[in-house]
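Reading through the structure tokens given below for one structure.
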Amino acid sequence: MSPVQIHTQRAAVLHGPKDLLLEDRPIWPPQYNHAQVAVKATGLCGSDLHYYLEGRNGDFALQAPLVLGHESAGVVVSVGPGVKNLFPGQRVAIEAGVMCQHCEYCDSSRYNLCKGMRFASSAKTFPHLDGTLQDRMNHPANVLHPLPDNCSFEQAALAEPLSVLIHASRRAGLREGQKILVFGVGSIGILACALAKSSGASKVVAIDINQQRLDFAKGNGFASQTFCLPKVDRAKSSEEQLRRARESVSLALSEFGTPDGFDIVFECTGAETCIQMSIHAAITGGKVMLVAAALREVDIIGSFRYANTYPTALALLASGKLTNIEKLITHRIRLQDTARGFELLARGKDEDGNMVMKVMISP
């Protein structure tokens with residue numbers, strides 16, 4: 001009997017903080033209802049960066065070596081038994097979450113809340129589910145989404161963060177004619193601006209502490225106006241922090257010419273002070289959408305990941321309505337240099353002083 005040939009592939013494997021190794025790993029044929037995908041593009045995310053720098057993302061600490069990456073697209077190279085909706089050669093976006101499909105949340109199309117969810121590149125569950133920073137991966141066919149013909153691999157990799165905003169906008173009731181404020185113009189904030197603009201918002205503005213990012217947002221048409229928060233010393237008390245929040249928002253609203261506030265405020269920083277400011281920045285009866293003190297009638301809405309968004313995201317990316325969205329990708333790195341990509345993302349600037357926004361990894 002001849003020995004079984006074992007095929008190998010490259011994977012960027014995280015063993016601990018800043019301990020990222022390029023390894024050869026075996027790749028097995030896809031199992032029932034799975035397909036094997038050759039990964040062509042992976043965007044580096046803030047959660048990936050936390051794992052790379054600290055070996056953890058919040059409460060979720062690395063318990064074993066883990067392949068990072070979850071904003072991805074590629075080409076189907078083979079399909080397992082039972083797969084009828086995909087074929088080799090088909091271009092797909094990879095939705096990273098694998099839901100149980102049997103619980104109450106899954107049955108009600110809110111699978112993002114599934115307690116049995118396993119998310120590729122997350123250490124929340126153990127054994128960990130490896131992510132997409134590898135040449136090939138096997139993944140359930142039901143969360144592989146065919147690409148429109150005019151959607152590139154890099155655009156399709158943006159479907160994951162865009163899905164976060166599509167889900168958030170559905171919960172917030174985003175509609176035409178509204179005035180929108182975005183706190184934080186990293187990748188998620190830029191996508192929030194782009195989505196609001198493509199949805200017919202009458203005004204889209206942004207606030208950040210980084211002038212270079214604000215210039216990027218305004219220069220590429222994502223926001224019509226921007227406001228850079230001044231850097232100040234840490235407040236000595238919660239009362240002083242709240243006072244500063246009100247004063248900063250009042251100054252920004254005056255600058256924007258919207259003293260009554262905004263219909264929806266997308267808070268994309270997770271910073272306590274920005275959350276406080278966002279409440280004061282919403283118009284009475286408006287909504288604060290927490291993407292990362294009921295003193296007035298302002299709904300504060302949380303949004304966790306996404307559900308049933310990938311087809312919408314891919315269609316929107318292919319439509320051309322998200323003007324200049326490709327400029328969100330500022331740096332392109334090969335898989336063998338993934339560690340350099342994380343270092344660039346951590347610094348926020350490259351060797352020439354250029355801003356780093358979204359780093360895209362390719363084979």
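In the structure tokens, chains take letters A, B, ... by order of appearance, with residues numbered from 1 within each chain and ligands from 1 in the order shown.
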
Give me every strand (DSSP E or B) residue in stretch 137-182 of chain A, going by DSSP on the backbone, as a PyMOL selection string. chain A and resi 137-140+144-146+179-182

Could those selected residues go to a file with all heavy atoms, as a PDB file, in the first residue's frame?
ATOM      1  N   MET A 137      -7.862  27.238   3.686  1.00  0.00           N
ATOM      2  CA  MET A 137      -8.595  26.849   4.885  1.00  0.00           C
ATOM      3  C   MET A 137      -9.883  26.138   4.492  1.00  0.00           C
ATOM      4  O   MET A 137     -10.468  26.425   3.432  1.00  0.00           O
ATOM      5  CB  MET A 137      -8.906  28.064   5.761  1.00  0.00           C
ATOM      6  CG  MET A 137      -9.914  29.035   5.175  1.00  0.00           C
ATOM      7  SD  MET A 137     -10.225  30.457   6.254  1.00  0.00           S
ATOM      8  CE  MET A 137     -10.948  29.685   7.710  1.00  0.00           C
ATOM      9  N   ASN A 138     -10.297  25.195   5.320  1.00  0.00           N
ATOM     10  CA  ASN A 138     -11.589  24.541   5.156  1.00  0.00           C
ATOM     11  C   ASN A 138     -12.612  25.274   6.009  1.00  0.00           C
ATOM     12  O   ASN A 138     -12.353  25.587   7.170  1.00  0.00           O
ATOM     13  CB  ASN A 138     -11.499  23.072   5.579  1.00  0.00           C
ATOM     14  CG  ASN A 138     -10.590  22.264   4.665  1.00  0.00           C
ATOM     15  OD1 ASN A 138     -10.569  22.477   3.453  1.00  0.00           O
ATOM     16  ND2 ASN A 138      -9.827  21.336   5.239  1.00  0.00           N
ATOM     17  N   HIS A 139     -13.790  25.528   5.418  1.00  0.00           N
ATOM     18  CA  HIS A 139     -14.782  26.363   6.103  1.00  0.00           C
ATOM     19  C   HIS A 139     -16.180  25.910   5.687  1.00  0.00           C
ATOM     20  O   HIS A 139     -16.383  25.454   4.554  1.00  0.00           O
ATOM     21  CB  HIS A 139     -14.560  27.832   5.712  1.00  0.00           C
ATOM     22  CG  HIS A 139     -15.089  28.811   6.716  1.00  0.00           C
ATOM     23  ND1 HIS A 139     -14.642  28.893   8.010  1.00  0.00           N
ATOM     24  CD2 HIS A 139     -16.043  29.778   6.598  1.00  0.00           C
ATOM     25  CE1 HIS A 139     -15.279  29.855   8.652  1.00  0.00           C
ATOM     26  NE2 HIS A 139     -16.137  30.403   7.822  1.00  0.00           N
ATOM     27  N   PRO A 140     -17.175  26.023   6.587  1.00  0.00           N
ATOM     28  CA  PRO A 140     -18.538  25.613   6.226  1.00  0.00           C
ATOM     29  C   PRO A 140     -19.053  26.353   4.994  1.00  0.00           C
ATOM     30  O   PRO A 140     -18.897  27.577   4.874  1.00  0.00           O
ATOM     31  CB  PRO A 140     -19.349  25.979   7.471  1.00  0.00           C
ATOM     32  CG  PRO A 140     -18.360  25.943   8.590  1.00  0.00           C
ATOM     33  CD  PRO A 140     -17.077  26.443   7.992  1.00  0.00           C
ATOM     34  N   LEU A 144     -19.870  30.836   3.152  1.00  0.00           N
ATOM     35  CA  LEU A 144     -19.030  31.280   2.041  1.00  0.00           C
ATOM     36  C   LEU A 144     -19.951  31.935   1.016  1.00  0.00           C
ATOM     37  O   LEU A 144     -20.903  31.313   0.554  1.00  0.00           O
ATOM     38  CB  LEU A 144     -18.276  30.100   1.424  1.00  0.00           C
ATOM     39  CG  LEU A 144     -17.253  29.414   2.336  1.00  0.00           C
ATOM     40  CD1 LEU A 144     -16.679  28.182   1.655  1.00  0.00           C
ATOM     41  CD2 LEU A 144     -16.140  30.379   2.736  1.00  0.00           C
ATOM     42  N   HIS A 145     -19.678  33.171   0.680  1.00  0.00           N
ATOM     43  CA  HIS A 145     -20.602  33.973  -0.125  1.00  0.00           C
ATOM     44  C   HIS A 145     -19.996  34.291  -1.494  1.00  0.00           C
ATOM     45  O   HIS A 145     -18.948  34.944  -1.573  1.00  0.00           O
ATOM     46  CB  HIS A 145     -20.940  35.278   0.606  1.00  0.00           C
ATOM     47  CG  HIS A 145     -21.527  35.063   1.973  1.00  0.00           C
ATOM     48  ND1 HIS A 145     -22.877  34.887   2.179  1.00  0.00           N
ATOM     49  CD2 HIS A 145     -20.942  34.975   3.200  1.00  0.00           C
ATOM     50  CE1 HIS A 145     -23.108  34.715   3.474  1.00  0.00           C
ATOM     51  NE2 HIS A 145     -21.952  34.757   4.107  1.00  0.00           N
ATOM     52  N   PRO A 146     -20.643  33.849  -2.578  1.00  0.00           N
ATOM     53  CA  PRO A 146     -20.134  34.142  -3.925  1.00  0.00           C
ATOM     54  C   PRO A 146     -20.004  35.645  -4.170  1.00  0.00           C
ATOM     55  O   PRO A 146     -20.846  36.437  -3.732  1.00  0.00           O
ATOM     56  CB  PRO A 146     -21.195  33.525  -4.837  1.00  0.00           C
ATOM     57  CG  PRO A 146     -21.827  32.451  -4.000  1.00  0.00           C
ATOM     58  CD  PRO A 146     -21.831  32.994  -2.602  1.00  0.00           C
ATOM     59  N   LYS A 179     -29.030  63.288   9.599  1.00  0.00           N
ATOM     60  CA  LYS A 179     -27.721  63.873   9.896  1.00  0.00           C
ATOM     61  C   LYS A 179     -26.962  62.897  10.784  1.00  0.00           C
ATOM     62  O   LYS A 179     -27.462  62.472  11.818  1.00  0.00           O
ATOM     63  CB  LYS A 179     -27.882  65.220  10.595  1.00  0.00           C
ATOM     64  CG  LYS A 179     -28.559  66.279   9.742  1.00  0.00           C
ATOM     65  CD  LYS A 179     -28.746  67.577  10.518  1.00  0.00           C
ATOM     66  CE  LYS A 179     -29.463  68.623   9.660  1.00  0.00           C
ATOM     67  NZ  LYS A 179     -29.685  69.882  10.426  1.00  0.00           N
ATOM     68  N   ILE A 180     -25.730  62.581  10.363  1.00  0.00           N
ATOM     69  CA  ILE A 180     -24.970  61.513  11.002  1.00  0.00           C
ATOM     70  C   ILE A 180     -23.625  62.045  11.514  1.00  0.00           C
ATOM     71  O   ILE A 180     -22.902  62.738  10.787  1.00  0.00           O
ATOM     72  CB  ILE A 180     -24.703  60.347  10.024  1.00  0.00           C
ATOM     73  CG1 ILE A 180     -26.011  59.872   9.376  1.00  0.00           C
ATOM     74  CG2 ILE A 180     -23.965  59.221  10.731  1.00  0.00           C
ATOM     75  CD1 ILE A 180     -27.037  59.353  10.344  1.00  0.00           C
ATOM     76  N   LEU A 181     -23.307  61.681  12.750  1.00  0.00           N
ATOM     77  CA  LEU A 181     -22.012  61.995  13.346  1.00  0.00           C
ATOM     78  C   LEU A 181     -21.295  60.691  13.662  1.00  0.00           C
ATOM     79  O   LEU A 181     -21.894  59.765  14.210  1.00  0.00           O
ATOM     80  CB  LEU A 181     -22.188  62.819  14.624  1.00  0.00           C
ATOM     81  CG  LEU A 181     -20.956  63.000  15.526  1.00  0.00           C
ATOM     82  CD1 LEU A 181     -19.834  63.725  14.793  1.00  0.00           C
ATOM     83  CD2 LEU A 181     -21.334  63.740  16.805  1.00  0.00           C
ATOM     84  N   VAL A 182     -20.013  60.629  13.338  1.00  0.00           N
ATOM     85  CA  VAL A 182     -19.205  59.448  13.606  1.00  0.00           C
ATOM     86  C   VAL A 182     -18.053  59.826  14.529  1.00  0.00           C
ATOM     87  O   VAL A 182     -17.274  60.733  14.212  1.00  0.00           O
ATOM     88  CB  VAL A 182     -18.655  58.829  12.298  1.00  0.00           C
ATOM     89  CG1 VAL A 182     -17.736  57.652  12.607  1.00  0.00           C
ATOM     90  CG2 VAL A 182     -19.802  58.382  11.392  1.00  0.00           C
TER      91      VAL A 182
END

**Message:** Which of stretch 96-224 of chain A end up as alpha helix (DSSP H) when DSSP is run on this backbone - answer as a ChimeraX atom specification?
**Reply:** /A:104-107,153-157,159-172,187-198,211-219

Point out the residue among A:Ser278, A:Asn33, A:Asn85, A:Asn112 with the least atom-to-atom distance to A:Gly261, counting only C-alpha atoms.
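With only C-alpha atoms as the atom set, the closest residue is A:Ser278.
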
Inset, instruction - Find the residues around A:Ala156 up to 12 Å (only C-alpha atoms counted), leave out those fewer than 5 positions away in its own chain, and share them as an NGL selection string. - result: :A and (39-43 or 70-75 or 91-95 or 144-151 or 161-163 or 310-318 or 325-326 or 360)

### Message
Restricting the calculation to only C-alpha atoms: of A:Ala217, A:Ile207, A:Met277, A:Ala172, which residue gets closest to A:Met355?
### Response
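Using only C-alpha atoms, the shortest distance to A:Met355 belongs to A:Ala217.
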
A:Phe342: which residues within 8 Å, counting only C-alpha atoms, same-chain residues fewer than 3 positions away excluded, as a list in words?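 Final neighbour list, sorted by chain and number: Leu44, Leu49, Tyr52, Thr338, Ala339, Leu345 and Ala346 of chain A.
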
Next on the checklist: With only C-alpha atoms as the counted atoms, please give the residues lying no more than 9 Å from A:Ala292, apart from itself and same-chain residues fewer than 6 positions off, as a PyMOL selection string.
Outcome noted: chain A and resi 188+267-271+302-304

Next, write the just-selected residues to a file, as a PDB file, in the first residue's frame, keeping N, CA and C atoms as the atom set.
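Ended up saving to part.pdb:
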ATOM      1  N   ILE A 188     -13.339  51.227  10.845  1.00  0.00           N
ATOM      2  CA  ILE A 188     -14.774  51.087  11.109  1.00  0.00           C
ATOM      3  C   ILE A 188     -15.478  52.436  10.969  1.00  0.00           C
ATOM      4  N   GLU A 267     -20.732  55.607  17.497  1.00  0.00           N
ATOM      5  CA  GLU A 267     -19.574  55.679  18.374  1.00  0.00           C
ATOM      6  C   GLU A 267     -18.665  54.500  18.042  1.00  0.00           C
ATOM      7  N   CYS A 268     -17.525  54.799  17.425  1.00  0.00           N
ATOM      8  CA  CYS A 268     -16.649  53.752  16.882  1.00  0.00           C
ATOM      9  C   CYS A 268     -15.293  53.701  17.567  1.00  0.00           C
ATOM     10  N   THR A 269     -15.184  54.256  18.776  1.00  0.00           N
ATOM     11  CA  THR A 269     -13.902  54.255  19.480  1.00  0.00           C
ATOM     12  C   THR A 269     -13.885  53.325  20.675  1.00  0.00           C
ATOM     13  N   GLY A 270     -15.014  53.203  21.363  1.00  0.00           N
ATOM     14  CA  GLY A 270     -15.049  52.433  22.599  1.00  0.00           C
ATOM     15  C   GLY A 270     -14.488  53.171  23.791  1.00  0.00           C
ATOM     16  N   ALA A 271     -14.009  54.405  23.575  1.00  0.00           N
ATOM     17  CA  ALA A 271     -13.443  55.200  24.657  1.00  0.00           C
ATOM     18  C   ALA A 271     -14.558  55.785  25.522  1.00  0.00           C
ATOM     19  N   GLY A 302     -26.749  48.841  21.335  1.00  0.00           N
ATOM     20  CA  GLY A 302     -25.546  48.065  21.115  1.00  0.00           C
ATOM     21  C   GLY A 302     -25.677  47.213  19.874  1.00  0.00           C
ATOM     22  N   SER A 303     -24.530  46.887  19.280  1.00  0.00           N
ATOM     23  CA  SER A 303     -24.533  46.051  18.079  1.00  0.00           C
ATOM     24  C   SER A 303     -23.348  45.109  18.157  1.00  0.00           C
ATOM     25  N   PHE A 304     -23.591  43.779  18.056  1.00  0.00           N
ATOM     26  CA  PHE A 304     -22.540  42.783  18.146  1.00  0.00           C
ATOM     27  C   PHE A 304     -22.350  42.094  16.801  1.00  0.00           C
TER      28      PHE A 304
END

Of the candidates A:Lys124, A:His167, A:Arg110, A:Arg340, which shows the shortest atom-to-atom distance to A:Ile301, using only C-alpha atoms?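 Residue with the minimum atom-to-atom distance to A:Ile301: A:His167.
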
So how many Å separate atom CA of A:Pro81 and atom CA of A:Ala120, to one decimal?
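For atom CA of A:Pro81 relative to atom CA of A:Ala120, the distance reads 22.1 Å.
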
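Considering the residues A:Leu335, A:Cys100, A:Val359, A:Ile283 and counting only C-alpha atoms, A:Arg10 has its shortest atom-to-atom contact with A:Leu335.
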
Please provide as a ChimeraX atom specification all residues within 8 Å of stretch 211-213 of chain A, with the sequence filter that same-chain residues fewer than 3 positions apart are discarded (counting only C-alpha atoms). /A:185-186,208,216-217,228,355

Based on the selection just made, write all heavy atoms of those residues as a PDB file, in the first residue's frame.
ATOM      1  N   VAL A 185     -12.385  57.813  13.319  1.00  0.00           N
ATOM      2  CA  VAL A 185     -12.295  57.508  11.884  1.00  0.00           C
ATOM      3  C   VAL A 185     -11.128  56.566  11.594  1.00  0.00           C
ATOM      4  O   VAL A 185     -10.286  56.823  10.737  1.00  0.00           O
ATOM      5  CB  VAL A 185     -12.218  58.789  11.019  1.00  0.00           C
ATOM      6  CG1 VAL A 185     -13.574  59.404  10.866  1.00  0.00           C
ATOM      7  CG2 VAL A 185     -11.221  59.795  11.570  1.00  0.00           C
ATOM      8  N   GLY A 186     -11.098  55.454  12.342  1.00  0.00           N
ATOM      9  CA  GLY A 186     -10.309  54.317  11.906  1.00  0.00           C
ATOM     10  C   GLY A 186     -11.080  53.622  10.802  1.00  0.00           C
ATOM     11  O   GLY A 186     -12.002  54.202  10.202  1.00  0.00           O
ATOM     12  N   ASP A 208     -12.451  63.065  15.852  1.00  0.00           N
ATOM     13  CA  ASP A 208     -11.350  62.178  16.237  1.00  0.00           C
ATOM     14  C   ASP A 208     -10.308  63.027  16.963  1.00  0.00           C
ATOM     15  O   ASP A 208     -10.438  64.259  17.016  1.00  0.00           O
ATOM     16  CB  ASP A 208     -10.732  61.505  14.994  1.00  0.00           C
ATOM     17  CG  ASP A 208     -10.019  60.196  15.312  1.00  0.00           C
ATOM     18  OD1 ASP A 208      -9.105  60.209  16.165  1.00  0.00           O
ATOM     19  OD2 ASP A 208     -10.361  59.155  14.722  1.00  0.00           O
ATOM     20  N   PHE A 216      -7.785  62.533   6.071  1.00  0.00           N
ATOM     21  CA  PHE A 216      -8.062  61.421   5.148  1.00  0.00           C
ATOM     22  C   PHE A 216      -9.566  61.284   4.920  1.00  0.00           C
ATOM     23  O   PHE A 216     -10.020  61.136   3.783  1.00  0.00           O
ATOM     24  CB  PHE A 216      -7.488  60.125   5.734  1.00  0.00           C
ATOM     25  CG  PHE A 216      -7.800  58.891   4.934  1.00  0.00           C
ATOM     26  CD1 PHE A 216      -6.983  58.505   3.878  1.00  0.00           C
ATOM     27  CD2 PHE A 216      -8.903  58.102   5.230  1.00  0.00           C
ATOM     28  CE1 PHE A 216      -7.266  57.360   3.140  1.00  0.00           C
ATOM     29  CE2 PHE A 216      -9.196  56.960   4.507  1.00  0.00           C
ATOM     30  CZ  PHE A 216      -8.374  56.587   3.449  1.00  0.00           C
ATOM     31  N   ALA A 217     -10.330  61.358   6.000  1.00  0.00           N
ATOM     32  CA  ALA A 217     -11.785  61.205   5.894  1.00  0.00           C
ATOM     33  C   ALA A 217     -12.400  62.315   5.053  1.00  0.00           C
ATOM     34  O   ALA A 217     -13.261  62.069   4.197  1.00  0.00           O
ATOM     35  CB  ALA A 217     -12.411  61.192   7.285  1.00  0.00           C
ATOM     36  N   CYS A 228     -11.323  68.022  15.296  1.00  0.00           N
ATOM     37  CA  CYS A 228     -10.263  67.352  16.024  1.00  0.00           C
ATOM     38  C   CYS A 228     -10.335  67.752  17.496  1.00  0.00           C
ATOM     39  O   CYS A 228     -10.211  68.934  17.838  1.00  0.00           O
ATOM     40  CB  CYS A 228      -8.884  67.715  15.447  1.00  0.00           C
ATOM     41  SG  CYS A 228      -7.533  66.716  16.103  1.00  0.00           S
ATOM     42  N   MET A 355       0.254  57.563   6.796  1.00  0.00           N
ATOM     43  CA  MET A 355      -0.731  56.992   7.699  1.00  0.00           C
ATOM     44  C   MET A 355      -1.056  55.552   7.318  1.00  0.00           C
ATOM     45  O   MET A 355      -1.175  55.227   6.139  1.00  0.00           O
ATOM     46  CB  MET A 355      -2.007  57.832   7.671  1.00  0.00           C
ATOM     47  CG  MET A 355      -3.122  57.337   8.570  1.00  0.00           C
ATOM     48  SD  MET A 355      -4.665  58.213   8.268  1.00  0.00           S
ATOM     49  CE  MET A 355      -5.055  57.651   6.596  1.00  0.00           C
TER      50      MET A 355
END

Of A:Met357, A:Ile275, A:Ile333, A:Ala206, the one nearest to A:Gln241 when counting only C-alpha atoms is A:Ile275
